[in-house]
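Participant: Mind looking over this structure? Questions follow.
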Amino acid sequence: MTIQLIDITKSYGNHVVLNGITQEIEDGEFFVILGPSGEGKSTLLKVIAGIERPDKGKIIVNGKDMTNLPPEKRNIAMVFQNYALYPNMSVYDNIAFPLKMRKMKKEEIKERVMRVAKLLGIQDILDKNVLKISGGQQQRVAIARALVRDPVFFLLDEPLSNLDARTRFVARGELKRIQKEVGKTFIYVTHDQKEAMSLATRIAVLHKGKFEQVGKPLDLYEYPKTKWVAQFIGDFPMNFLPGNYIGEDPNVEVGFRPEWTELGSGIKAVVDSMEAFGESLYLFCTVDEKFKVILPSKEWHDVGDVVKFEIKKYRKYKDGVLSE
Amino acid sequence: MVNKRDLSYFLLALPAIVYVGYFAFYPAFKVIILSFWDPATSSFSLVNYKSLSYFNPGGAAINTIIISLGALFVQLLIALGVASILANEFRGKRAFSVITTYSLGIATVVSAIAFSLIFQPVGGYANTLLHLLGSKGIDWYSNYYLKVFVVDIADSWKNTPMMILILLSGMMSIPQEIYYAAAIDGANMLNRFIHITLPNLLPFIAIALIIRGVSEFNIFALPLILIGFHPPLLTTLVYELYSTGASVYLSYAAATILIGFISIFILLNILIGRRR
Amino acid sequence: MNTRQILIYIGVIIFSIYFLFPLYILILVAFNSPKYTIFSLYPSLLLQAPTLSNLIIGLTQYNFVEPFLRSLGTATLVGVLSIALGIPAGLGLSRLSYKIAYPITLLLLITNMMPSISIAVPIAAEFIRAHLFNTIPGLALAQTLITLPLATFILEGTFSAIPLEIEYQARLDGASVFQALWRILIPMAAPGIVAAFLISWMFSWDEFTFAVILMPITPTLPVEIYYNITRGDMLAAVAFSLIFTIPVVVITLLLQKYLRGEYLAGGIKR
């Protein structure tokens with residue numbers, strides 16, 4: 001089963017939100033759409049779900065054109081950021097709702113609900129009101145409701161962003177496990193690059209209404225296609241210096257991750273500030289009073305200290321685009 | 001640009017729009033048109049307004065304004081007092097809030113009866129109170145100003161609760177921290193009321209006055225029961241002309257004058273609504 | 001106790017007397033022998049000779065049951081009409097863009113301010129022709145003008161509080177537009193719908209202007225009470241009033257939460 005997005009375009013008034021997105025998503029993929037807030041990620045999901053109509057373009061699933069189907073006819077499951085649980089129903093009735101809408105028999109509904117409840121470990125709260133359970137439980141109920149009816153594929157709109165850090169970490173692993181177990185395509189939207197890196201089979205970086213780069217997480221980290229992606233992906237943005245600093249063509253820029261450098265000798269930099277990140281220290285420095293770079297360090301430095309560093313590995317960018 | 005989604009939601013609102021259009025706007029339009037219609041000559045003219053002038057519509061308009069302003073003044077005063085009490089925490093607050101709002105639900109006719117029992121020309125409980133204070137009873141309907149007073153008091157009793165609720169929601173919207181800051185800066189209770197509560201409350205007072213003002217212009221049952229047709233108000237004049245069957249066109253003319261006054265409030269309301 | 005608290009309690013006492021006194025007088029006159037109330041030059045402020053005969057005479061010798069039933073029927077019909085028109089309108093307004101919602105809000109707001117007496121007269125003429133004059137459905141149709149704007153604003157507020165995602169979710173779960181409305185949105189809006197119904201019911205129960213003009217021959221209770229007063233049957237009027245007031249007081253207490261400035265101020269606050 002493949003999902004094809006062909007030239008999806010959508011604008012609100014004069015504001016172009018999606019500018020001709022074309023992409024194929026393969027069967028069983030955990031496909032993450034990553035981008036900063038307000039870049040139209042949720043709009044894209046709504047278009048795929050059928051809540052919004054695209055101005056232009058097509059959505060083809062398994063060779064069938066779905067562009068003009070209403071949401072209830074698409075058999076897609078979606079988990080919203082705020083879970084959108086029905087507050088007037090118990091946990092059980094929430095999960096059973098999509099099955100009731102399909103006029104399934106009572107016994108079959110019960111059997112299916114029990115099965116997903118077990119998968120997600122929420123058997124004990126089935127008769128509780130959805131407003132009276134924890135955020136983590138609500139999130140599981142939302143996922144259970146998505147799983148229960150065997151949809152063609154899943155859409156998830158930042159489903160972990162309302163959880164606290166610890167629960168989020170656990171939920172992330174669980175989500176990955178569930179996706180493997182059901183073996184279906186997940187299309188997952190987030191602004192958190194770390195979450196994207198740890199979940200995705202492939203990541204699509206959405207910028208200015210287009211997928212700026214689509215690739216495996218490690219590829220995105222190692223070979224960011226544009227300067228913008230390079231600075232968006234990673235705990236710290238990639239550093240950039242003009243090529244002449246390491247004897248390259250001065251018309252290209254060299255991009256390097258902080259980890260690709262070594263302190264000691266080489267290019268001089270002045271320390272502006274310092275930040276501890278996990279076990280390592282990072283120095284925020286300026287080269288020649290012009291270029292900002294971030295360097296990992298094993299020792300403390302004072303503001304104003306001069307350090308020297310060497311670049312061990314780099315990529316070349318011309319006009320903001322990877323040139324190799 | 002109207003998209004499909006907007007259109008379907010608009011269709012949901014359409015029955016209500018058609019309903020108010022047919023039952024409110026069309027009759028209002030008809031009243032205004034027919035008030036200029038001379039049935040004798042079958043043509044448009046000012047003849048109805050000329051005949052109406054014998055019934056002193058100007059006086060009725062002035063009476064309406066005087067009664068409305070008086071009622072608004074009494075209501076604002078009481079509502080400010082009650083709302084500033086309800087903005088505090090104290091024992092018995094719930095009971096007090098019920099006591100000061102329940103009369104909202106008492107029918108106008110019932111409040112008219114209660115006050116006609118209190119303000120009897122002879123006997124009556126207001127006179128009992130005067131008697132207890134060592135004074136003689138008075139005829140509460142002996143002159144114009146006493147009549148205005150009786151109507152205003154009765155009206156305030158029923159309608160102050162709405163003003164209390166609006167002012168209270170205004171007071172609740174003023175952050176507590178401002179009061180703390182003012183207190184630390186040395187402002188006492190009265191100063192805080194004058195310099196913080198009142199200015200921040202002003203928009204709510206304006207809304208309350210407009211909403212209540214419209215209703216005051218429309219008061220009908222209360223003056224009808226308490227003072228009858230004299231002195232006339234615009235509403236009681238319309239009813240008198242209609243029910244005595246003088247000429248329905250005269251009542252249309254009086255009704256049009258009332259609509260004219262209310263339009264001023266509607267415009268004010270829109271202007272204030274726009275600015276927010 | 002500090003000065004602030006003393007001031008508060010002085011205010012509480014004064015205002016409580018102001019608001020309770022008329023109700024007290026009504027009850028006093030209802031349960032006291034008329035000798036000590038309406039027939040007395042300086043009627044006593046205390047219950048002198050408790051009696052139920054005022055009420056019994058009032059409710060048995062005078063025409064009470066029929067006007068009461070007519071009021072009941074009219075108010076219930078007004079409640080039903082208000083939510084039948086108000087639910088779709090409230091939902092529509094809560095989902096429409098401001099540019100389209102604003103004129104509709106304005107229309108309802110103006111309706112709310114329209115002087116009843118001015119439009120009642122031409123409506124009467126229209127109703128005589130349509131055989132709706134002096135009928136319960138006719139009166140209910142007119143009174144709904146007063147209640148619909150308020151009911152719509154309450155329901156608009158209720159529906160606005162329901163996140164759009166829930167509606168989307170229902171559609172994705174396979175519900176049609178109508179199913180989503182019926183199975184999800186309306187149950188979620190139930191408290192607001194009940195409030196809108198009760199407030200409409202209450203406003204109709206109290207309504208006088210349309211009632212006296214559109215149903216003068218077989219009137220509702222408020223108009224019947226007015227007729228009693230003009231006939232000088234003060235004790236009957238008092239007895240009627242007391243019974244008349246009970247449902248309203250109960251509803252007011254039930255609705256404390258909804259009797260808030262925002263709703264009463266209508267669309268103005270938006």
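Note on naming: chains are A, B, ... as they come in the structure tokens, residues start from 1 per chain, ligands start from 1 in the order shown.
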Mind checking which residues fall within 12 Å of C:Pro247, counting only C-alpha atoms, ignoring those fewer than 2 positions away in the same chain, and posting them as a ChimeraX atom specification?
Facilitator: /B:105-107 /C:68,71-72,75,198-199,201-203,205-206,241-245,249-254
Participant: With C-alpha atoms kept, could you save the residues just selected as a CSV table (one decimal), in the first residue's frame?
Facilitator:
chain,number,residue,atom,x,y,z
B,105,GLY,CA,-36.7,35.8,37.8
B,106,ILE,CA,-39.7,37.4,39.5
B,107,ALA,CA,-42.3,38.3,36.8
C,68,PHE,CA,-51.9,28.5,34.3
C,71,SER,CA,-48.8,29.7,30.4
C,72,LEU,CA,-47.3,26.3,30.8
C,75,ALA,CA,-43.6,28.6,27.8
C,198,LEU,CA,-34.9,26.9,30.8
C,199,ILE,CA,-34.1,30.6,30.3
C,201,TRP,CA,-39.1,29.0,29.3
C,202,MET,CA,-38.7,31.4,32.1
C,203,PHE,CA,-38.7,34.5,29.8
C,205,TRP,CA,-43.5,32.5,31.6
C,206,ASP,CA,-42.9,36.1,32.6
C,241,SER,CA,-48.6,35.6,41.9
C,242,LEU,CA,-47.2,33.4,44.6
C,243,ILE,CA,-47.9,30.1,42.7
C,244,PHE,CA,-46.8,31.8,39.5
C,245,THR,CA,-43.4,32.7,41.1
C,249,VAL,CA,-37.5,30.9,41.6
C,250,VAL,CA,-36.6,27.2,41.2
C,251,ILE,CA,-35.2,27.7,37.7
C,252,THR,CA,-33.3,30.8,38.7
C,253,LEU,CA,-31.6,28.9,41.5
C,254,LEU,CA,-30.8,26.0,39.0
Participant: Using only C-alpha atoms, find each residue of chain C with at least one atom at most 7 Å away from an atom of chain A; report its shortest atom-to-atom pair and that distance in Å (one decimal), sort the rows by chain and rising residue number, and return the result as a Markdown table.
Facilitator:
| residue | atom | partner | partner_atom | distance |
| --- | --- | --- | --- | --- |
| C:Glu165 | CA | A:Ala84 | CA | 5.6 |
| C:Ile166 | CA | A:Ala84 | CA | 4.6 |
| C:Tyr168 | CA | A:Ile51 | CA | 6.6 |
| C:Gln169 | CA | A:Ala84 | CA | 6.6 |
| C:Arg171 | CA | A:Glu72 | CA | 5.0 |
| C:Leu172 | CA | A:Glu72 | CA | 4.9 |
| C:Asp173 | CA | A:Pro98 | CA | 4.5 |
| C:Gly174 | CA | A:Glu72 | CA | 4.0 |
| C:Ala175 | CA | A:Glu72 | CA | 5.9 |
| C:Ser176 | CA | A:Glu72 | CA | 6.5 |
| C:Ile184 | CA | A:Tyr86 | CA | 7.0 |
| C:Pro187 | CA | A:Asn88 | CA | 6.6 |
| C:Met188 | CA | A:Asn88 | CA | 5.8 |
Participant: Using only C-alpha atoms, determine which residues lie at most 7 Å from stretch 106-119 of chain A, disregarding the query and same-chain residues fewer than 2 positions distant; provide the list as a count of residues only.
Facilitator: 10
Participant: Give the residues of chain A that lie within 10 Å of chain B; count only C-alpha atoms, and format the answer as a ChimeraX atom specification.
Facilitator: /A:13,52-53
Participant: Deliver the residues from the most recent selection as a file, using C-alpha atoms, as a compact mmCIF listing (two decimals), in the first residue's frame.
Facilitator:
# COMPACT_ATOMS: atom_id res chain seq x y z
CA GLY A 13 -6.20 34.09 1.32
CA GLU A 52 -9.55 20.37 4.41
CA ARG A 53 -9.71 20.29 0.63
Participant: List the spatial neighbours of stretch 137-145 of chain C as number ranges by chain - criterion: any atom at most 8 Å away, only C-alpha atoms, same-chain residues fewer than 6 positions off excluded.
Facilitator: B: 20, 23-24; C: 74-75, 77-79, 81-82, 111-112, 120, 127, 200, 204, 207, 210-211, 214-215
Participant: Could you tell me which of A:Ile33, A:Val47, A:Ala230, A:Ala276 comes closest to A:Val17 if we count only C-alpha atoms?
Facilitator: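 For A:Val17, the nearest of the candidates is A:Val47.
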Participant: So that I can see what lies close to B:Gly213, please list as a PyMOL selection string the residues with an atom at most 10 Å from it, counting only C-alpha atoms and leaving out residues fewer than 5 positions away in the same chain.
Facilitator: (chain B and resi 65+68-69+71-72+207-208+218-219+262+265) or (chain C and resi 113)
Participant: Where does DSSP see strand (DSSP E) in stretch 39-226 of chain A, if you list the residues as a ChimeraX atom specification?
Facilitator: /A:56-61,64-65,77-79,154-157,186-190,202-207,210-215
Participant: What's the 12 Å shell around stretch 9-17 of chain C, counting only C-alpha atoms, without same-chain residues fewer than 3 positions away, as an MDAnalysis selection string?
Facilitator: (chainID B and resid 77:86 88:103 157 160:161) or (chainID C and resid 1:6 20:25)
Participant: Which residues come within 12 Å of B:Asn48, counting only C-alpha atoms, excluding same-chain residues fewer than 3 positions away, as a ChimeraX atom specification?
Facilitator: /B:32-41,43-45,51-55,57,241,246-257
Participant: May I have the residues from that selection written out with C-alpha atoms, as a tab-separated table (two decimals), in the first residue's frame?
Facilitator:
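Listed below is the output, result-v2.tsv:
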chain	number	residue	atom	x	y	z
B	32	ILE	CA	-42.81	52.55	9.98
B	33	ILE	CA	-44.32	52.47	6.49
B	34	LEU	CA	-47.93	52.35	7.67
B	35	SER	CA	-47.38	55.19	10.14
B	36	PHE	CA	-47.10	57.42	7.08
B	37	TRP	CA	-50.16	55.93	5.39
B	38	ASP	CA	-53.38	57.90	5.35
B	39	PRO	CA	-56.24	55.41	5.09
B	40	ALA	CA	-58.76	58.15	4.27
B	41	THR	CA	-57.02	59.29	1.11
B	43	SER	CA	-51.75	58.02	0.15
B	44	PHE	CA	-48.63	58.69	2.15
B	45	SER	CA	-48.72	61.75	4.40
B	51	SER	CA	-53.47	63.55	14.86
B	52	LEU	CA	-51.04	61.94	17.26
B	53	SER	CA	-49.89	65.37	18.42
B	54	TYR	CA	-53.23	65.75	20.29
B	55	PHE	CA	-52.15	62.86	22.51
B	57	PRO	CA	-46.37	62.21	22.24
B	241	LEU	CA	-54.11	54.03	21.24
B	246	ALA	CA	-58.99	55.20	18.30
B	247	SER	CA	-57.11	54.43	15.14
B	248	VAL	CA	-54.54	51.71	14.67
B	249	TYR	CA	-52.57	54.13	12.48
B	250	LEU	CA	-52.09	56.47	15.42
B	251	SER	CA	-50.59	53.60	17.41
B	252	TYR	CA	-48.32	52.88	14.45
B	253	ALA	CA	-47.11	56.48	14.55
B	254	ALA	CA	-46.42	56.26	18.29
B	255	ALA	CA	-44.74	52.89	17.79
B	256	THR	CA	-42.52	54.42	15.10
B	257	ILE	CA	-41.38	57.15	17.49
Participant: Report the distance between atom CA of A:Met238 and atom CA of A:Phe256 in Å, rounded to one decimal place.
Facilitator: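 These two atoms are separated by 5.6 Å.
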Participant: To test your reading of the structure, identify every residue in stretch 155-198 of chain A that backbone DSSP assigns to alpha helix (DSSP H), and report it as a PyMOL selection string.
Facilitator: chain A and resi 165-182+193-198
Participant: Looking at C:Leu52, C:Ile162, C:Ile57, C:Ile83, which one is nearest to C:Ala236, with distances taken over only C-alpha atoms?
Facilitator: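 Result for the nearest residue to C:Ala236: C:Ile57.
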